[in-house]
Amino acid sequence: MSRLTISIFSESRAGILNKVSSAFSRRKINILSLTASECEVEGIFRYTLLVEDDESKIRKMVLQLEKQVEVVKAFYHFEEELVSQELALFKIPTSSMTNGNAEKIIREHNARFLTIEQDYAVVEKTGFRAEIQALFDELAPLGILEYASSGRVSISKPETNIQSYFNQEVLGEKISRRISI
């Protein structure tokens, strides 16, 4: 089993995310994380999914996704082909900060306070999943009132951008087995 990141570029239409998640359900591929956002091409959205399964199964999934009318292009990437990060927010009780222990933990993990209110403080941590989990583990004994984290956000390492790929498609150039953009 490989941990792979799938990037899906699609038109901005209602129901696309449902179609994408249904396709994964039919193939019994679990989505570990999912983020959606606009991309650098106007009118095109990017879905970034983290999955864990066999590469051959993921390759078939990507090809199936590309057959959907609304999907412009889909890619899969290995970990070493990406720069990735996640974001987490922690709400901790202000009372846990009285002895300075919480502040020390937050500084050691290169996190930062977003707000400090009378009853709680909100801490932001950006990094890899393991870094976020380590901070969670250290803050847990102090009391975490609320926790939220994003899915993976990633950009491929090669210097190509998605717009140049779209231009190649229009010119009818052949695309290799897998493309990292």
# chains A, B, ... in the order shown; residues from 1 in each chain; ligands from 1

call {"tool": "residues_around", "arguments": {"residues": "stretch 66-81 of chain A", "least_positions_apart": "3", "cutoff": "10 Å", "atoms": "only C-alpha atoms", "output": "number ranges by chain"}}
result
A: 2-13, 15-16, 19-20, 44-51, 55, 58-59, 61-63, 84, 154-158, 162, 165-166, 169, 178-181

call {"tool": "write_last_selection", "arguments": {"atoms": "N, CA and C atoms", "output": "tab-separated table (two decimals), in the first residue's frame"}}
result
chain	number	residue	atom	x	y	z
A	2	SER	N	0.47	2.20	-0.81
A	2	SER	CA	1.19	3.46	-0.91
A	2	SER	C	0.29	4.60	-0.45
A	3	ARG	N	0.90	5.60	0.15
A	3	ARG	CA	0.18	6.82	0.49
A	3	ARG	C	0.40	7.78	-0.67
A	4	LEU	N	-0.67	8.13	-1.36
A	4	LEU	CA	-0.60	8.96	-2.55
A	4	LEU	C	-1.51	10.17	-2.42
A	5	THR	N	-1.12	11.24	-3.08
A	5	THR	CA	-1.93	12.45	-3.11
A	5	THR	C	-2.50	12.58	-4.51
A	6	ILE	N	-3.79	12.81	-4.59
A	6	ILE	CA	-4.47	12.98	-5.88
A	6	ILE	C	-4.89	14.43	-6.00
A	7	SER	N	-4.55	15.04	-7.13
A	7	SER	CA	-5.00	16.40	-7.44
A	7	SER	C	-6.00	16.31	-8.57
A	8	ILE	N	-7.18	16.87	-8.35
A	8	ILE	CA	-8.24	16.85	-9.35
A	8	ILE	C	-8.58	18.29	-9.69
A	9	PHE	N	-8.54	18.63	-10.95
A	9	PHE	CA	-8.90	19.96	-11.42
A	9	PHE	C	-10.23	19.85	-12.14
A	10	SER	N	-11.21	20.65	-11.70
A	10	SER	CA	-12.54	20.52	-12.28
A	10	SER	C	-13.17	21.88	-12.49
A	11	GLU	N	-14.25	21.86	-13.24
A	11	GLU	CA	-15.06	23.06	-13.41
A	11	GLU	C	-15.74	23.37	-12.08
A	12	SER	N	-16.17	24.58	-11.92
A	12	SER	CA	-16.85	24.98	-10.69
A	12	SER	C	-18.35	24.75	-10.84
A	13	ARG	N	-18.79	23.58	-10.45
A	13	ARG	CA	-20.21	23.23	-10.54
A	13	ARG	C	-20.64	22.46	-9.31
A	15	GLY	N	-22.20	19.61	-7.09
A	15	GLY	CA	-22.33	18.16	-7.23
A	15	GLY	C	-21.07	17.43	-7.63
A	16	ILE	N	-20.01	18.14	-8.01
A	16	ILE	CA	-18.79	17.46	-8.45
A	16	ILE	C	-18.14	16.70	-7.29
A	19	LYS	N	-19.82	13.45	-6.81
A	19	LYS	CA	-19.44	12.46	-7.84
A	19	LYS	C	-18.06	11.88	-7.55
A	20	VAL	N	-17.14	12.74	-7.14
A	20	VAL	CA	-15.78	12.29	-6.85
A	20	VAL	C	-15.78	11.33	-5.66
A	44	ILE	N	-11.52	27.23	-12.47
A	44	ILE	CA	-11.12	25.85	-12.21
A	44	ILE	C	-10.86	25.68	-10.72
A	45	PHE	N	-11.36	24.59	-10.15
A	45	PHE	CA	-11.14	24.29	-8.74
A	45	PHE	C	-10.23	23.09	-8.61
A	46	ARG	N	-9.51	23.06	-7.51
A	46	ARG	CA	-8.56	21.98	-7.22
A	46	ARG	C	-9.03	21.24	-5.97
A	47	TYR	N	-9.14	19.93	-6.09
A	47	TYR	CA	-9.42	19.05	-4.96
A	47	TYR	C	-8.14	18.28	-4.70
A	48	THR	N	-7.67	18.29	-3.47
A	48	THR	CA	-6.48	17.54	-3.09
A	48	THR	C	-6.91	16.46	-2.11
A	49	LEU	N	-6.69	15.22	-2.48
A	49	LEU	CA	-7.10	14.09	-1.65
A	49	LEU	C	-5.87	13.28	-1.26
A	50	LEU	N	-5.82	12.87	-0.02
A	50	LEU	CA	-4.78	11.97	0.46
A	50	LEU	C	-5.43	10.60	0.62
A	51	VAL	N	-4.86	9.60	-0.05
A	51	VAL	CA	-5.42	8.25	0.00
A	51	VAL	C	-4.29	7.26	0.26
A	55	GLU	N	-0.87	1.47	-5.90
A	55	GLU	CA	-0.69	2.45	-6.97
A	55	GLU	C	-1.53	2.09	-8.20
A	58	ILE	N	-5.05	3.20	-7.67
A	58	ILE	CA	-5.14	4.67	-7.72
A	58	ILE	C	-5.02	5.15	-9.17
A	59	ARG	N	-4.13	4.55	-9.94
A	59	ARG	CA	-3.97	4.94	-11.35
A	59	ARG	C	-5.29	4.75	-12.09
A	61	MET	N	-8.23	4.72	-10.75
A	61	MET	CA	-9.17	5.70	-10.20
A	61	MET	C	-8.99	7.05	-10.88
A	62	VAL	N	-7.75	7.48	-11.06
A	62	VAL	CA	-7.46	8.76	-11.70
A	62	VAL	C	-7.97	8.76	-13.14
A	63	LEU	N	-7.76	7.66	-13.85
A	63	LEU	CA	-8.26	7.57	-15.23
A	63	LEU	C	-9.79	7.61	-15.27
A	84	SER	N	4.04	19.68	0.99
A	84	SER	CA	2.72	19.57	1.62
A	84	SER	C	2.73	20.14	3.02
A	154	SER	N	-1.15	20.80	-0.94
A	154	SER	CA	0.14	20.45	-1.54
A	154	SER	C	0.31	21.10	-2.90
A	155	ILE	N	1.56	21.24	-3.25
A	155	ILE	CA	1.97	21.76	-4.56
A	155	ILE	C	3.08	20.84	-5.05
A	156	SER	N	3.07	20.51	-6.34
A	156	SER	CA	4.09	19.62	-6.88
A	156	SER	C	5.42	20.35	-7.02
A	157	LYS	N	6.50	19.61	-6.98
A	157	LYS	CA	7.84	20.19	-7.03
A	157	LYS	C	8.27	20.64	-8.43
A	158	PRO	N	7.93	19.92	-9.50
A	158	PRO	CA	8.39	20.39	-10.81
A	158	PRO	C	7.92	21.81	-11.12
A	162	ILE	N	-0.23	24.41	-13.96
A	162	ILE	CA	-1.41	23.76	-14.55
A	162	ILE	C	-1.83	24.45	-15.84
A	165	TYR	N	-0.11	23.02	-18.75
A	165	TYR	CA	-0.67	21.73	-19.11
A	165	TYR	C	-1.93	21.89	-19.95
A	166	PHE	N	-2.80	22.82	-19.57
A	166	PHE	CA	-4.01	23.06	-20.34
A	166	PHE	C	-3.66	23.50	-21.75
A	169	GLU	N	-2.72	20.47	-23.76
A	169	GLU	CA	-3.91	19.68	-24.10
A	169	GLU	C	-4.57	20.24	-25.35
A	178	ARG	N	1.95	9.11	-16.30
A	178	ARG	CA	1.63	9.94	-15.14
A	178	ARG	C	2.33	11.26	-15.33
A	179	ILE	N	1.67	12.31	-14.98
A	179	ILE	CA	2.29	13.63	-15.07
A	179	ILE	C	2.24	14.25	-13.69
A	180	SER	N	3.34	14.77	-13.26
A	180	SER	CA	3.35	15.60	-12.08
A	180	SER	C	3.44	17.02	-12.56
A	181	ILE	N	2.54	17.84	-12.11
A	181	ILE	CA	2.56	19.22	-12.56
A	181	ILE	C	3.25	20.09	-11.54

call {"tool": "residues_around", "arguments": {"residues": "stretch 133-137 of chain A", "least_positions_apart": "6", "cutoff": "10 Å", "atoms": "only C-alpha atoms", "output": "short mmCIF file (atom, residue, chain, number, x, y, z; two decimals) with C-alpha atoms, in the first residue's frame"}}
result
data_model
loop_
_atom_site.label_atom_id
_atom_site.label_comp_id
_atom_site.auth_asym_id
_atom_site.auth_seq_id
_atom_site.Cartn_x
_atom_site.Cartn_y
_atom_site.Cartn_z
CA ALA A 88 -4.62 22.90 12.88
CA LEU A 89 -6.41 25.12 15.39
CA PHE A 90 -6.51 24.27 19.10
CA ILE A 105 4.86 23.79 24.64
CA ILE A 106 3.45 26.12 21.98
CA GLU A 108 8.67 24.47 21.28
CA HIS A 109 6.31 23.34 18.51
CA ASN A 110 6.64 26.58 16.52
CA ALA A 111 2.93 27.24 16.92
CA LYS A 125 0.00 25.09 14.09
CA GLY A 127 3.17 21.67 9.52
CA GLY A 143 -7.24 20.30 28.23
CA ILE A 144 -8.23 20.87 24.63
CA TYR A 147 -9.69 21.04 17.80
#

call {"tool": "residues_around", "arguments": {"residues": "A:Ala102", "least_positions_apart": "3", "cutoff": "9 Å", "atoms": "only C-alpha atoms", "output": "PyMOL selection string"}}
result
chain A and resi 92+96-99+105-107+138-139+142

call {"tool": "write_last_selection", "arguments": {"atoms": "C-alpha atoms", "output": "PDB file, in the first residue's frame"}}
result
ATOM      1  CA  ILE A  92      -7.303  25.566  25.132  1.00  0.00           C
ATOM      2  CA  SER A  96      -4.032  26.019  31.644  1.00  0.00           C
ATOM      3  CA  MET A  97      -1.648  28.860  30.808  1.00  0.00           C
ATOM      4  CA  THR A  98      -1.118  30.107  34.372  1.00  0.00           C
ATOM      5  CA  ASN A  99       2.090  28.165  35.074  1.00  0.00           C
ATOM      6  CA  ILE A 105       4.857  23.789  24.636  1.00  0.00           C
ATOM      7  CA  ILE A 106       3.453  26.117  21.984  1.00  0.00           C
ATOM      8  CA  ARG A 107       6.827  27.813  21.425  1.00  0.00           C
ATOM      9  CA  GLU A 138       1.347  17.552  24.556  1.00  0.00           C
ATOM     10  CA  LEU A 139      -1.644  19.899  24.845  1.00  0.00           C
ATOM     11  CA  LEU A 142      -3.751  20.624  29.679  1.00  0.00           C
TER      12      LEU A 142
END

call {"tool": "select_by_dssp", "arguments": {"residues": "stretch 2-139 of chain A", "states": "strand (DSSP E)", "output": "PyMOL selection string"}}
result
chain A and resi 2-11+31-38+44-53+71-77+82-93+112-116+120-127

call {"tool": "closest_residue", "arguments": {"among": "A:Ser25, A:Gln85, A:Ser56, A:Thr115", "to": "A:Ser150", "atoms": "only C-alpha atoms"}}
result
A:Gln85

call {"tool": "closest_residue", "arguments": {"among": "A:Arg26, A:Ala148, A:Val122, A:Glu117", "to": "A:Gln64", "atoms": "only C-alpha atoms"}}
result
A:Arg26

call {"tool": "select_by_dssp", "arguments": {"residues": "stretch 6-61 of chain A", "states": "alpha helix (DSSP H)", "output": "list in words"}}
result
Ile16, Leu17, Asn18, Lys19, Val20, Ser21, Ser22, Ala23, Phe24, Ser25, Arg26, Glu55, Ser56, Lys57, Ile58, Arg59, Lys60 and Met61 of chain A

call {"tool": "closest_residue", "arguments": {"among": "A:Lys57, A:Glu38, A:Arg152, A:Asn101", "to": "A:Thr126", "atoms": "only C-alpha atoms"}}
result
A:Arg152
